[in-house]
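Text of structure20.pdb (PDB, C-alpha atoms) as supplied:
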MODEL        1
ATOM      1  CA  MET A   9      23.039  -8.278  -1.817
ATOM      2  CA  THR A  10      23.607  -4.769  -3.141
ATOM      3  CA  ASP A  11      21.326  -2.901  -5.524
ATOM      4  CA  ALA A  12      24.276  -2.600  -7.928
ATOM      5  CA  GLU A  13      24.724  -6.388  -8.045
ATOM      6  CA  LEU A  14      21.040  -6.950  -8.687
ATOM      7  CA  ARG A  15      21.090  -4.280 -11.367
ATOM      8  CA  ALA A  16      23.955  -5.956 -13.242
ATOM      9  CA  ALA A  17      22.053  -9.241 -13.373
ATOM     10  CA  ALA A  18      18.879  -7.417 -14.407
ATOM     11  CA  GLU A  19      20.726  -5.715 -17.249
ATOM     12  CA  THR A  20      21.840  -9.105 -18.591
ATOM     13  CA  ALA A  21      18.228 -10.297 -18.529
ATOM     14  CA  VAL A  22      16.649  -7.204 -20.051
ATOM     15  CA  VAL A  23      19.330  -6.237 -22.582
ATOM     16  CA  GLN A  24      21.233  -9.365 -23.651
ATOM     17  CA  CYS A  25      18.581 -12.010 -23.141
ATOM     18  CA  MET A  26      15.366 -10.151 -24.000
ATOM     19  CA  ASN A  27      16.761  -7.373 -26.243
ATOM     20  CA  LEU A  28      14.037  -4.996 -25.037
ATOM     21  CA  ALA A  29      13.566  -2.015 -27.370
ATOM     22  CA  PRO A  30      12.412   1.561 -26.584
ATOM     23  CA  ASP A  31       9.239   1.185 -28.656
ATOM     24  CA  GLU A  32       8.133  -2.007 -26.891
ATOM     25  CA  SER A  33       6.011  -2.695 -23.815
ATOM     26  CA  CYS A  34       7.325  -4.732 -20.902
ATOM     27  CA  VAL A  35       5.492  -6.376 -18.009
ATOM     28  CA  VAL A  36       7.370  -7.606 -14.932
ATOM     29  CA  VAL A  37       5.317 -10.145 -12.969
ATOM     30  CA  THR A  38       6.444 -10.871  -9.423
ATOM     31  CA  ASP A  39       5.125 -11.727  -5.979
ATOM     32  CA  ASP A  40       5.633 -10.682  -2.383
ATOM     33  CA  LYS A  41       8.668 -12.942  -1.852
ATOM     34  CA  ARG A  42      10.547 -11.992  -5.041
ATOM     35  CA  LEU A  43       9.859  -8.260  -5.047
ATOM     36  CA  ALA A  44      13.507  -7.131  -4.875
ATOM     37  CA  ILE A  45      14.316  -9.012  -8.093
ATOM     38  CA  GLY A  46      11.110  -7.795  -9.724
ATOM     39  CA  GLU A  47      11.950  -4.211  -8.866
ATOM     40  CA  ALA A  48      15.509  -4.578 -10.219
ATOM     41  CA  LEU A  49      14.141  -5.830 -13.544
ATOM     42  CA  TYR A  50      11.513  -3.075 -13.585
ATOM     43  CA  ASP A  51      14.115  -0.373 -12.936
ATOM     44  CA  VAL A  52      16.304  -1.496 -15.840
ATOM     45  CA  ALA A  53      13.364  -2.075 -18.209
ATOM     46  CA  SER A  54      11.823   1.308 -17.395
ATOM     47  CA  GLU A  55      15.073   2.990 -18.457
ATOM     48  CA  VAL A  56      14.731   1.320 -21.861
ATOM     49  CA  THR A  57      11.013   1.917 -22.445
ATOM     50  CA  ASP A  58       8.403   4.127 -20.794
ATOM     51  CA  ASP A  59       5.804   1.390 -21.316
ATOM     52  CA  THR A  60       6.903  -0.776 -18.384
ATOM     53  CA  THR A  61       4.599  -2.203 -15.714
ATOM     54  CA  LEU A  62       5.299  -4.042 -12.446
ATOM     55  CA  LEU A  63       2.591  -6.480 -11.317
ATOM     56  CA  ARG A  64       2.748  -8.052  -7.856
ATOM     57  CA  TYR A  65       0.501 -10.722  -6.357
ATOM     58  CA  PRO A  66       0.633 -13.273  -3.484
ATOM     59  CA  PRO A  67       2.771 -16.371  -4.157
ATOM     60  CA  GLY A  68       0.922 -19.279  -5.774
ATOM     61  CA  ASP A  69       0.279 -22.577  -4.023
ATOM     62  CA  GLN A  70       2.064 -24.868  -6.473
ATOM     63  CA  HIS A  71       4.403 -24.745  -9.450
ATOM     64  CA  GLY A  72       2.241 -24.521 -12.548
ATOM     65  CA  ALA A  73      -0.694 -22.855 -10.776
ATOM     66  CA  GLU A  74      -2.324 -20.166 -12.900
ATOM     67  CA  PRO A  75      -1.711 -16.502 -11.949
ATOM     68  CA  PRO A  76      -4.594 -14.060 -11.391
ATOM     69  CA  ALA A  77      -6.613 -13.325 -14.528
ATOM     70  CA  ALA A  78      -5.416  -9.713 -14.698
ATOM     71  CA  VAL A  79      -1.808 -10.918 -14.767
ATOM     72  CA  ALA A  80      -2.542 -13.325 -17.605
ATOM     73  CA  VAL A  81      -4.161 -10.555 -19.651
ATOM     74  CA  ALA A  82      -1.234  -8.188 -19.096
ATOM     75  CA  MET A  83       1.298 -10.849 -20.151
ATOM     76  CA  ALA A  84      -0.612 -11.534 -23.366
ATOM     77  CA  GLU A  85      -0.829  -7.847 -24.276
ATOM     78  CA  ALA A  86       2.874  -7.088 -23.672
ATOM     79  CA  ASP A  87       5.732  -7.290 -26.152
ATOM     80  CA  VAL A  88       8.035  -8.635 -23.411
ATOM     81  CA  PHE A  89       7.332 -10.224 -20.040
ATOM     82  CA  LEU A  90       9.659 -11.230 -17.206
ATOM     83  CA  ALA A  91       8.308 -13.303 -14.324
ATOM     84  CA  PRO A  92      10.448 -13.723 -11.192
ATOM     85  CA  THR A  93       7.974 -15.651  -9.017
ATOM     86  CA  THR A  94       8.066 -18.066  -6.096
ATOM     87  CA  LYS A  95       6.050 -20.691  -7.971
ATOM     88  CA  SER A  96       6.731 -21.354 -11.628
ATOM     89  CA  LEU A  97       4.615 -19.802 -14.370
ATOM     90  CA  SER A  98       6.540 -21.701 -17.059
ATOM     91  CA  HIS A  99       3.963 -24.439 -17.506
ATOM     92  CA  THR A 100       0.811 -22.338 -17.214
ATOM     93  CA  ARG A 101      -1.817 -21.486 -19.773
ATOM     94  CA  ALA A 102      -1.137 -17.803 -19.022
ATOM     95  CA  ARG A 103       2.461 -18.137 -20.168
ATOM     96  CA  GLY A 104       1.545 -20.236 -23.199
ATOM     97  CA  ASP A 105      -1.251 -17.895 -24.241
ATOM     98  CA  ALA A 106       1.057 -14.886 -23.932
ATOM     99  CA  CYS A 107       3.614 -16.442 -26.271
ATOM    100  CA  ASP A 108       0.864 -17.533 -28.664
ATOM    101  CA  ALA A 109      -0.234 -13.884 -28.745
ATOM    102  CA  GLY A 110       3.267 -12.854 -29.825
ATOM    103  CA  ALA A 111       4.815 -11.833 -26.515
ATOM    104  CA  ARG A 112       8.345 -13.024 -25.848
ATOM    105  CA  GLY A 113       9.294 -13.698 -22.283
ATOM    106  CA  ALA A 114      11.219 -15.409 -19.553
ATOM    107  CA  THR A 115      10.139 -16.958 -16.289
ATOM    108  CA  LEU A 116      12.433 -17.043 -13.262
ATOM    109  CA  PRO A 117      10.653 -19.569 -11.009
ATOM    110  CA  GLY A 118      11.805 -19.854  -7.413
ATOM    111  CA  ILE A 119      14.587 -17.368  -8.121
ATOM    112  CA  THR A 120      16.654 -16.128  -5.205
ATOM    113  CA  GLU A 121      18.979 -13.173  -5.205
ATOM    114  CA  ASP A 122      22.024 -15.486  -5.073
ATOM    115  CA  VAL A 123      20.762 -17.573  -7.989
ATOM    116  CA  PHE A 124      19.870 -14.412  -9.900
ATOM    117  CA  LEU A 125      23.474 -13.237  -9.629
ATOM    118  CA  THR A 126      25.067 -16.627 -10.336
ATOM    119  CA  GLY A 127      22.808 -17.609 -13.191
ATOM    120  CA  LEU A 128      22.819 -14.285 -15.021
ATOM    121  CA  ASP A 129      26.604 -13.885 -14.777
ATOM    122  CA  ALA A 130      27.030 -15.954 -17.927
ATOM    123  CA  ASP A 131      27.818 -15.767 -21.637
ATOM    124  CA  TYR A 132      24.502 -16.744 -23.166
ATOM    125  CA  ASP A 133      25.912 -16.895 -26.679
ATOM    126  CA  THR A 134      28.166 -19.766 -25.535
ATOM    127  CA  ILE A 135      25.257 -21.456 -23.749
ATOM    128  CA  SER A 136      23.185 -21.158 -26.916
ATOM    129  CA  GLN A 137      25.900 -22.922 -28.918
ATOM    130  CA  HIS A 138      26.032 -25.814 -26.428
ATOM    131  CA  CYS A 139      22.254 -26.165 -26.807
ATOM    132  CA  LEU A 140      22.588 -26.393 -30.590
ATOM    133  CA  ASP A 141      25.389 -28.979 -30.273
ATOM    134  CA  VAL A 142      23.212 -31.251 -28.113
ATOM    135  CA  LEU A 143      20.156 -30.738 -30.326
ATOM    136  CA  LYS A 144      22.063 -31.998 -33.365
ATOM    137  CA  GLN A 145      22.757 -35.267 -31.577
ATOM    138  CA  VAL A 146      19.286 -36.024 -30.209
ATOM    139  CA  THR A 147      16.698 -34.362 -32.398
ATOM    140  CA  GLU A 148      16.274 -37.186 -34.947
ATOM    141  CA  ALA A 149      16.586 -40.082 -32.488
ATOM    142  CA  GLU A 150      13.657 -42.459 -32.082
ATOM    143  CA  GLU A 151      14.865 -43.603 -28.671
ATOM    144  CA  ILE A 152      16.796 -41.869 -25.882
ATOM    145  CA  ARG A 153      18.208 -43.944 -23.029
ATOM    146  CA  VAL A 154      19.629 -42.522 -19.794
ATOM    147  CA  THR A 155      21.727 -44.506 -17.314
ATOM    148  CA  THR A 156      23.609 -43.488 -14.165
ATOM    149  CA  PRO A 157      25.838 -45.156 -11.560
ATOM    150  CA  SER A 158      23.072 -44.640  -8.979
ATOM    151  CA  GLY A 159      20.675 -46.971 -10.814
ATOM    152  CA  THR A 160      18.887 -44.925 -13.453
ATOM    153  CA  ASP A 161      18.026 -46.913 -16.570
ATOM    154  CA  ILE A 162      15.136 -45.389 -18.460
ATOM    155  CA  THR A 163      14.200 -45.163 -22.127
ATOM    156  CA  PHE A 164      12.224 -42.339 -23.735
ATOM    157  CA  GLU A 165      10.423 -42.239 -27.068
ATOM    158  CA  PRO A 166       9.992 -38.625 -28.252
ATOM    159  CA  GLY A 167       7.673 -39.746 -31.036
ATOM    160  CA  SER A 168       6.359 -36.796 -33.032
ATOM    161  CA  ARG A 169       7.195 -34.242 -30.346
ATOM    162  CA  ASP A 170       9.934 -31.713 -30.943
ATOM    163  CA  TRP A 171      13.057 -31.187 -28.902
ATOM    164  CA  LEU A 172      13.256 -27.603 -27.657
ATOM    165  CA  ALA A 173      16.188 -25.434 -26.566
ATOM    166  CA  ASP A 174      16.170 -23.028 -23.647
ATOM    167  CA  THR A 175      19.081 -20.818 -24.692
ATOM    168  CA  GLY A 176      18.341 -17.628 -22.758
ATOM    169  CA  ILE A 177      18.384 -15.635 -26.012
ATOM    170  CA  VAL A 178      14.777 -14.517 -26.551
ATOM    171  CA  HIS A 179      14.737 -11.995 -29.385
ATOM    172  CA  GLU A 180      11.874 -13.286 -31.557
ATOM    173  CA  ALA A 181       8.129 -12.735 -31.071
ATOM    174  CA  GLY A 182       6.555 -15.645 -29.222
ATOM    175  CA  GLY A 183       9.908 -16.839 -27.892
ATOM    176  CA  PHE A 184      10.288 -18.171 -24.369
ATOM    177  CA  SER A 185      13.026 -19.172 -21.948
ATOM    178  CA  ASN A 186      13.724 -19.790 -18.312
ATOM    179  CA  LEU A 187      16.317 -17.546 -16.733
ATOM    180  CA  PRO A 188      18.859 -18.664 -15.754
ATOM    181  CA  ALA A 189      18.835 -20.702 -18.957
ATOM    182  CA  GLY A 190      20.686 -23.553 -20.581
ATOM    183  CA  GLU A 191      18.891 -26.801 -21.425
ATOM    184  CA  VAL A 192      17.602 -28.954 -24.262
ATOM    185  CA  PHE A 193      14.369 -30.800 -23.515
ATOM    186  CA  VAL A 194      11.468 -32.821 -24.864
ATOM    187  CA  SER A 195       8.076 -34.008 -23.662
ATOM    188  CA  PRO A 196       8.259 -37.681 -24.685
ATOM    189  CA  GLU A 197       5.291 -39.597 -26.018
ATOM    190  CA  ASN A 198       6.336 -42.639 -24.007
ATOM    191  CA  ALA A 199       8.863 -43.716 -21.370
ATOM    192  CA  ASN A 200       9.709 -46.892 -19.476
ATOM    193  CA  GLY A 201      12.245 -47.759 -16.806
ATOM    194  CA  THR A 202      13.693 -46.497 -13.550
ATOM    195  CA  TYR A 203      15.205 -43.158 -12.661
ATOM    196  CA  VAL A 204      16.989 -42.175  -9.481
ATOM    197  CA  VAL A 205      17.190 -38.524  -8.455
ATOM    198  CA  ASP A 206      20.400 -37.843  -6.541
ATOM    199  CA  GLY A 207      20.749 -34.096  -7.138
ATOM    200  CA  THR A 208      17.941 -31.646  -6.439
ATOM    201  CA  MET A 209      14.184 -32.098  -6.151
ATOM    202  CA  MET A 210      11.474 -30.276  -4.275
ATOM    203  CA  PRO A 211      10.356 -30.287  -1.548
ATOM    204  CA  HIS A 212      13.819 -31.444  -0.425
ATOM    205  CA  ALA A 213      15.979 -29.006  -2.437
ATOM    206  CA  LEU A 214      19.587 -30.316  -2.585
ATOM    207  CA  LEU A 215      19.632 -33.956  -1.529
ATOM    208  CA  GLU A 216      22.113 -35.061   1.103
ATOM    209  CA  GLU A 217      25.027 -37.279   0.110
ATOM    210  CA  GLY A 218      23.690 -40.789  -0.342
ATOM    211  CA  GLN A 219      20.043 -39.656  -0.425
ATOM    212  CA  GLU A 220      18.245 -40.995  -3.488
ATOM    213  CA  LEU A 221      14.661 -40.764  -4.738
ATOM    214  CA  ARG A 222      13.607 -43.709  -6.916
ATOM    215  CA  PHE A 223      10.830 -43.632  -9.517
ATOM    216  CA  GLU A 224       9.414 -46.455 -11.631
ATOM    217  CA  VAL A 225       7.879 -45.537 -14.996
ATOM    218  CA  GLU A 226       5.588 -47.668 -17.173
ATOM    219  CA  ASP A 227       4.019 -46.587 -20.463
ATOM    220  CA  GLY A 228       4.664 -42.909 -19.798
ATOM    221  CA  TYR A 229       3.376 -42.759 -16.218
ATOM    222  CA  VAL A 230       5.134 -42.885 -12.864
ATOM    223  CA  THR A 231       3.899 -45.996 -11.069
ATOM    224  CA  GLU A 232       6.103 -46.130  -7.955
ATOM    225  CA  ILE A 233       7.682 -43.346  -5.866
ATOM    226  CA  SER A 234      10.087 -44.151  -3.048
ATOM    227  CA  ASP A 235       9.780 -40.781  -1.294
ATOM    228  CA  ASP A 236       6.730 -39.960   0.834
ATOM    229  CA  ASP A 237       7.020 -36.168   0.476
ATOM    230  CA  VAL A 238       7.192 -36.226  -3.325
ATOM    231  CA  ARG A 239       4.373 -38.781  -3.437
ATOM    232  CA  LYS A 240       2.146 -36.489  -1.361
ATOM    233  CA  GLN A 241       2.662 -33.626  -3.807
ATOM    234  CA  ILE A 242       1.631 -35.795  -6.734
ATOM    235  CA  GLU A 243      -1.316 -37.293  -4.859
ATOM    236  CA  ALA A 244      -2.547 -33.756  -4.190
ATOM    237  CA  GLY A 245      -2.423 -33.042  -7.918
ATOM    238  CA  ALA A 246      -4.179 -36.318  -8.651
ATOM    239  CA  GLU A 247      -7.134 -35.210  -6.559
ATOM    240  CA  GLU A 248      -7.719 -32.572  -9.238
ATOM    241  CA  VAL A 249      -6.699 -34.279 -12.490
ATOM    242  CA  GLY A 250      -6.397 -37.987 -11.698
ATOM    243  CA  ARG A 251      -3.778 -40.060 -13.517
ATOM    244  CA  ASP A 252      -2.439 -37.050 -15.421
ATOM    245  CA  ALA A 253      -0.623 -35.937 -12.261
ATOM    246  CA  TYR A 254       1.652 -38.991 -12.739
ATOM    247  CA  ASN A 255       2.493 -38.157 -16.351
ATOM    248  CA  LEU A 256       6.180 -38.465 -17.261
ATOM    249  CA  ALA A 257       6.366 -34.926 -18.575
ATOM    250  CA  GLU A 258       9.922 -34.078 -19.563
ATOM    251  CA  LEU A 259      13.442 -35.213 -20.271
ATOM    252  CA  GLY A 260      15.937 -32.350 -20.085
ATOM    253  CA  ILE A 261      19.697 -32.061 -20.585
ATOM    254  CA  GLY A 262      21.609 -29.230 -18.893
ATOM    255  CA  THR A 263      23.923 -27.092 -21.059
ATOM    256  CA  ASN A 264      24.950 -24.173 -18.819
ATOM    257  CA  VAL A 265      28.702 -24.528 -18.304
ATOM    258  CA  GLY A 266      28.631 -21.590 -15.897
ATOM    259  CA  VAL A 267      26.865 -23.730 -13.283
ATOM    260  CA  ASP A 268      29.673 -25.788 -11.776
ATOM    261  CA  GLU A 269      27.871 -27.207  -8.730
ATOM    262  CA  LEU A 270      24.347 -27.953  -7.574
ATOM    263  CA  VAL A 271      23.034 -25.504  -4.981
ATOM    264  CA  GLY A 272      19.497 -26.724  -4.263
ATOM    265  CA  SER A 273      17.640 -24.431  -6.670
ATOM    266  CA  VAL A 274      15.751 -26.435  -9.293
ATOM    267  CA  LEU A 275      15.776 -23.409 -11.598
ATOM    268  CA  LEU A 276      19.572 -23.253 -11.582
ATOM    269  CA  ASP A 277      20.495 -26.894 -11.016
ATOM    270  CA  GLU A 278      18.460 -28.268 -13.933
ATOM    271  CA  LYS A 279      20.624 -26.118 -16.220
ATOM    272  CA  ALA A 280      23.951 -27.462 -14.885
ATOM    273  CA  ALA A 281      26.032 -28.800 -17.765
ATOM    274  CA  GLY A 282      26.343 -32.566 -17.809
ATOM    275  CA  THR A 283      23.203 -33.260 -15.774
ATOM    276  CA  VAL A 284      19.821 -34.646 -16.772
ATOM    277  CA  HIS A 285      16.462 -33.778 -15.271
ATOM    278  CA  ILE A 286      13.195 -35.658 -15.500
ATOM    279  CA  ALA A 287       9.835 -34.104 -14.634
ATOM    280  CA  ILE A 288       6.414 -35.357 -13.614
ATOM    281  CA  GLY A 289       3.052 -33.709 -14.331
ATOM    282  CA  ASP A 290       2.206 -30.924 -16.747
ATOM    283  CA  ASP A 291       3.735 -30.907 -20.217
ATOM    284  CA  ALA A 292       1.213 -28.864 -22.210
ATOM    285  CA  GLY A 293       3.545 -25.860 -22.180
ATOM    286  CA  ILE A 294       6.476 -27.808 -23.666
ATOM    287  CA  GLY A 295       4.887 -29.703 -26.515
ATOM    288  CA  GLY A 296       2.828 -32.337 -24.710
ATOM    289  CA  ASP A 297      -0.888 -32.715 -24.159
ATOM    290  CA  THR A 298      -1.247 -33.133 -20.383
ATOM    291  CA  ASP A 299      -2.708 -30.385 -18.212
ATOM    292  CA  ALA A 300      -1.785 -30.847 -14.563
ATOM    293  CA  PRO A 301      -1.384 -28.449 -11.613
ATOM    294  CA  LEU A 302       2.238 -29.482 -10.997
ATOM    295  CA  HIS A 303       5.546 -29.923 -12.776
ATOM    296  CA  LEU A 304       8.149 -31.598 -10.550
ATOM    297  CA  ASP A 305      11.728 -31.732 -11.832
ATOM    298  CA  GLY A 306      14.335 -34.070 -10.407
ATOM    299  CA  ILE A 307      18.012 -33.478 -11.245
ATOM    300  CA  ILE A 308      20.232 -36.493 -11.891
ATOM    301  CA  ARG A 309      24.020 -36.506 -11.604
ATOM    302  CA  GLU A 310      26.562 -38.278 -13.829
ATOM    303  CA  PRO A 311      24.226 -39.457 -16.600
ATOM    304  CA  THR A 312      25.174 -41.251 -19.777
ATOM    305  CA  VAL A 313      22.751 -40.394 -22.555
ATOM    306  CA  TYR A 314      22.304 -42.560 -25.649
ATOM    307  CA  ALA A 315      20.534 -41.462 -28.836
ATOM    308  CA  ASP A 316      19.542 -44.579 -30.790
ATOM    309  CA  GLY A 317      22.425 -46.350 -29.078
ATOM    310  CA  ALA A 318      25.094 -43.715 -29.713
ATOM    311  CA  VAL A 319      26.558 -41.911 -26.687
ATOM    312  CA  VAL A 320      25.639 -38.210 -26.654
ATOM    313  CA  ASP A 321      28.533 -35.811 -26.083
ATOM    314  CA  LEU A 322      27.303 -33.670 -23.196
ATOM    315  CA  PRO A 323      28.774 -30.243 -22.386
ATOM    316  CA  SER A 324      30.872 -30.149 -19.235
ATOM    317  CA  VAL A 325      32.452 -27.560 -16.966
ATOM    318  CA  GLU A 326      36.128 -27.141 -17.802
TER
ENDMDL
END

Can I see the file as structure tokens?
Amino acid sequence: MTDAELRAAAETAVVQCMNLAPDESCVVVTDDKRLAIGEALYDVASEVTDDTTLLRYPPGDQHGAEPPAAVAVAMAEADVFLAPTTKSLSHTRARGDACDAGARGATLPGITEDVFLTGLDADYDTISQHCLDVLKQVTEAEEIRVTTPSGTDITFEPGSRDWLADTGIVHEAGGFSNLPAGEVFVSPENANGTYVVDGTMMPHALLEEGQELRFEVEDGYVTEISDDDVRKQIEAGAEEVGRDAYNLAELGIGTNVGVDELVGSVLLDEKAAGTVHIAIGDDAGIGGDTDAPLHLDGIIREPTVYADGAVVDLPSVE
């Protein structure tokens, strides 16, 4: 990976996505394993504004684990933050508090140099429009049902919780996105049924052909998990927060038509157009009320999505 290639992706993030201005402050938060990406973002940002800082710390233990206190303070005091980290800061109090304080930002959890190039080589105005098209179809629905050929049949009730769009365009104070971006999502108040992950899920990354992870959901909580490795992750979280670790946290719909195949990166694969992802654990950062030290997304291929019985027209790769 050349410095020039990393720089081009960093320019998309800093200029198009974040719209960083010369009179603003910017904090880049990274860790020992993602330093090259952090430095590329810092280099571009520091050419826009002199008030740019690079913060580096050891990788966290789990997605959703809080960063060091000094990092949280710096994020909250910045106008813009970018966080290419090994473990996700998306669903942390630090990220939420920063946005509540008026910072706008993007997290790049688990980002690799290849994913950085692939995911940021995109037209985010087009992705934003696909997000709006899906939102129009689902936002007023009382019930969302997802089925797949692999056996998924699960129903979600958003209740009073809002659908959100991760467009990649973060120009307003308090705004937030993942990068790469492209999804519409909700933290449902209730869910019941079965879902089968046949795409990507940690700790496995991209599942082998025919490999499927089955989850049973009752009254908004995961009650059965077919995979031992995933179960162990959730059991570890349950030691800290009990039943909340099994919370059915998120239903997401991918809208990024630039992602034409799954590669094993949750960050990228959950954005793939025409896929659905379902997450377990923390949802406090996306409109829910559950604090948990994990947020585990599973990507599902070939879904059919129904909003109050009507089939949702999902974006697809042409």

Report as a PyMOL selection string the residues that result from applying the PyMOL selection byres ((chain A and resi 109) around 8) to the structure here.
chain A and resi 84-85+105-108+110-111+182

Evaluating the PyMOL selection byres ((chain A and resi 204) around 7) on the displayed file yields which residues, as a VMD selection string?
chain A and resid 158 to 160 202 to 203 205 to 206 220 to 223 308

Grab the residues selected above and save them as a PDB file, in the frame of the given file with C-alpha atoms.
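Dumped to again08.pdb:
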ATOM      1  CA  SER A 158      23.072 -44.640  -8.979  1.00  0.00           C
ATOM      2  CA  GLY A 159      20.675 -46.971 -10.814  1.00  0.00           C
ATOM      3  CA  THR A 160      18.887 -44.925 -13.453  1.00  0.00           C
ATOM      4  CA  THR A 202      13.693 -46.497 -13.550  1.00  0.00           C
ATOM      5  CA  TYR A 203      15.205 -43.158 -12.661  1.00  0.00           C
ATOM      6  CA  VAL A 205      17.190 -38.524  -8.455  1.00  0.00           C
ATOM      7  CA  ASP A 206      20.400 -37.843  -6.541  1.00  0.00           C
ATOM      8  CA  GLU A 220      18.245 -40.995  -3.488  1.00  0.00           C
ATOM      9  CA  LEU A 221      14.661 -40.764  -4.738  1.00  0.00           C
ATOM     10  CA  ARG A 222      13.607 -43.709  -6.916  1.00  0.00           C
ATOM     11  CA  PHE A 223      10.830 -43.632  -9.517  1.00  0.00           C
ATOM     12  CA  ILE A 308      20.232 -36.493 -11.891  1.00  0.00           C
TER      13      ILE A 308
END

Just the residues within 8 Å of Tyr229 of chain A, please, counting only C-alpha atoms, with nothing from its chain fewer than 5 positions along; format it as a list in words.
Ala199, Tyr254, Asn255 and Leu256 of chain A

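Across the chains present, the PyMOL selection byres ((chain A and resi 48) around 9) applied to this file returns Asp11, Leu14, Arg15, Ala17, Ala18, Glu19, Leu43, Ala44, Ile45, Gly46, Glu47, Leu49, Tyr50, Asp51, Val52 and Ala53 of chain A.
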
Preceding selection exported with C-alpha atoms as an mmCIF file, keeping the file's coordinate frame:
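Contents of result03.cif, freshly written:
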data_model
loop_
_atom_site.group_PDB
_atom_site.id
_atom_site.type_symbol
_atom_site.label_atom_id
_atom_site.label_comp_id
_atom_site.auth_asym_id
_atom_site.auth_seq_id
_atom_site.Cartn_x
_atom_site.Cartn_y
_atom_site.Cartn_z
ATOM 1 C CA ASP A 11 21.326 -2.901 -5.524
ATOM 2 C CA LEU A 14 21.040 -6.950 -8.687
ATOM 3 C CA ARG A 15 21.090 -4.280 -11.367
ATOM 4 C CA ALA A 17 22.053 -9.241 -13.373
ATOM 5 C CA ALA A 18 18.879 -7.417 -14.407
ATOM 6 C CA GLU A 19 20.726 -5.715 -17.249
ATOM 7 C CA LEU A 43 9.859 -8.260 -5.047
ATOM 8 C CA ALA A 44 13.507 -7.131 -4.875
ATOM 9 C CA ILE A 45 14.316 -9.012 -8.093
ATOM 10 C CA GLY A 46 11.110 -7.795 -9.724
ATOM 11 C CA GLU A 47 11.950 -4.211 -8.866
ATOM 12 C CA LEU A 49 14.141 -5.830 -13.544
ATOM 13 C CA TYR A 50 11.513 -3.075 -13.585
ATOM 14 C CA ASP A 51 14.115 -0.373 -12.936
ATOM 15 C CA VAL A 52 16.304 -1.496 -15.840
ATOM 16 C CA ALA A 53 13.364 -2.075 -18.209
#

List as JSON lines every residue of segment 117-186 of chain A that is in contact with segment 260-274 of chain A, defined as an atom at most 10 Å from one of its atoms (using only C-alpha atoms), together with the nearest atom pair and the distance in Å rounded to one decimal, sorted by chain and then rising number.
{"residue": "A:Pro117", "atom": "CA", "partner": "A:Val274", "partner_atom": "CA", "distance": 8.7}
{"residue": "A:Gly118", "atom": "CA", "partner": "A:Ser273", "partner_atom": "CA", "distance": 7.5}
{"residue": "A:Ile119", "atom": "CA", "partner": "A:Ser273", "partner_atom": "CA", "distance": 7.8}
{"residue": "A:Thr120", "atom": "CA", "partner": "A:Ser273", "partner_atom": "CA", "distance": 8.5}
{"residue": "A:Val123", "atom": "CA", "partner": "A:Ser273", "partner_atom": "CA", "distance": 7.6}
{"residue": "A:Thr126", "atom": "CA", "partner": "A:Val267", "partner_atom": "CA", "distance": 7.9}
{"residue": "A:Gly127", "atom": "CA", "partner": "A:Val267", "partner_atom": "CA", "distance": 7.3}
{"residue": "A:Leu128", "atom": "CA", "partner": "A:Gly266", "partner_atom": "CA", "distance": 9.4}
{"residue": "A:Asp129", "atom": "CA", "partner": "A:Gly266", "partner_atom": "CA", "distance": 8.0}
{"residue": "A:Ala130", "atom": "CA", "partner": "A:Gly266", "partner_atom": "CA", "distance": 6.2}
{"residue": "A:Asp131", "atom": "CA", "partner": "A:Gly266", "partner_atom": "CA", "distance": 8.2}
{"residue": "A:Tyr132", "atom": "CA", "partner": "A:Asn264", "partner_atom": "CA", "distance": 8.6}
{"residue": "A:Thr134", "atom": "CA", "partner": "A:Asn264", "partner_atom": "CA", "distance": 8.7}
{"residue": "A:Ile135", "atom": "CA", "partner": "A:Asn264", "partner_atom": "CA", "distance": 5.6}
{"residue": "A:Ser136", "atom": "CA", "partner": "A:Thr263", "partner_atom": "CA", "distance": 8.4}
{"residue": "A:Gln137", "atom": "CA", "partner": "A:Thr263", "partner_atom": "CA", "distance": 9.1}
{"residue": "A:His138", "atom": "CA", "partner": "A:Thr263", "partner_atom": "CA", "distance": 5.9}
{"residue": "A:Cys139", "atom": "CA", "partner": "A:Thr263", "partner_atom": "CA", "distance": 6.1}
{"residue": "A:Leu140", "atom": "CA", "partner": "A:Thr263", "partner_atom": "CA", "distance": 9.6}
{"residue": "A:Asp141", "atom": "CA", "partner": "A:Thr263", "partner_atom": "CA", "distance": 9.5}
{"residue": "A:Val142", "atom": "CA", "partner": "A:Thr263", "partner_atom": "CA", "distance": 8.2}
{"residue": "A:Leu143", "atom": "CA", "partner": "A:Ile261", "partner_atom": "CA", "distance": 9.8}
{"residue": "A:Trp171", "atom": "CA", "partner": "A:Gly260", "partner_atom": "CA", "distance": 9.3}
{"residue": "A:Leu172", "atom": "CA", "partner": "A:Gly260", "partner_atom": "CA", "distance": 9.3}
{"residue": "A:Ala173", "atom": "CA", "partner": "A:Gly260", "partner_atom": "CA", "distance": 9.5}
{"residue": "A:Asp174", "atom": "CA", "partner": "A:Thr263", "partner_atom": "CA", "distance": 9.1}
{"residue": "A:Thr175", "atom": "CA", "partner": "A:Thr263", "partner_atom": "CA", "distance": 8.7}
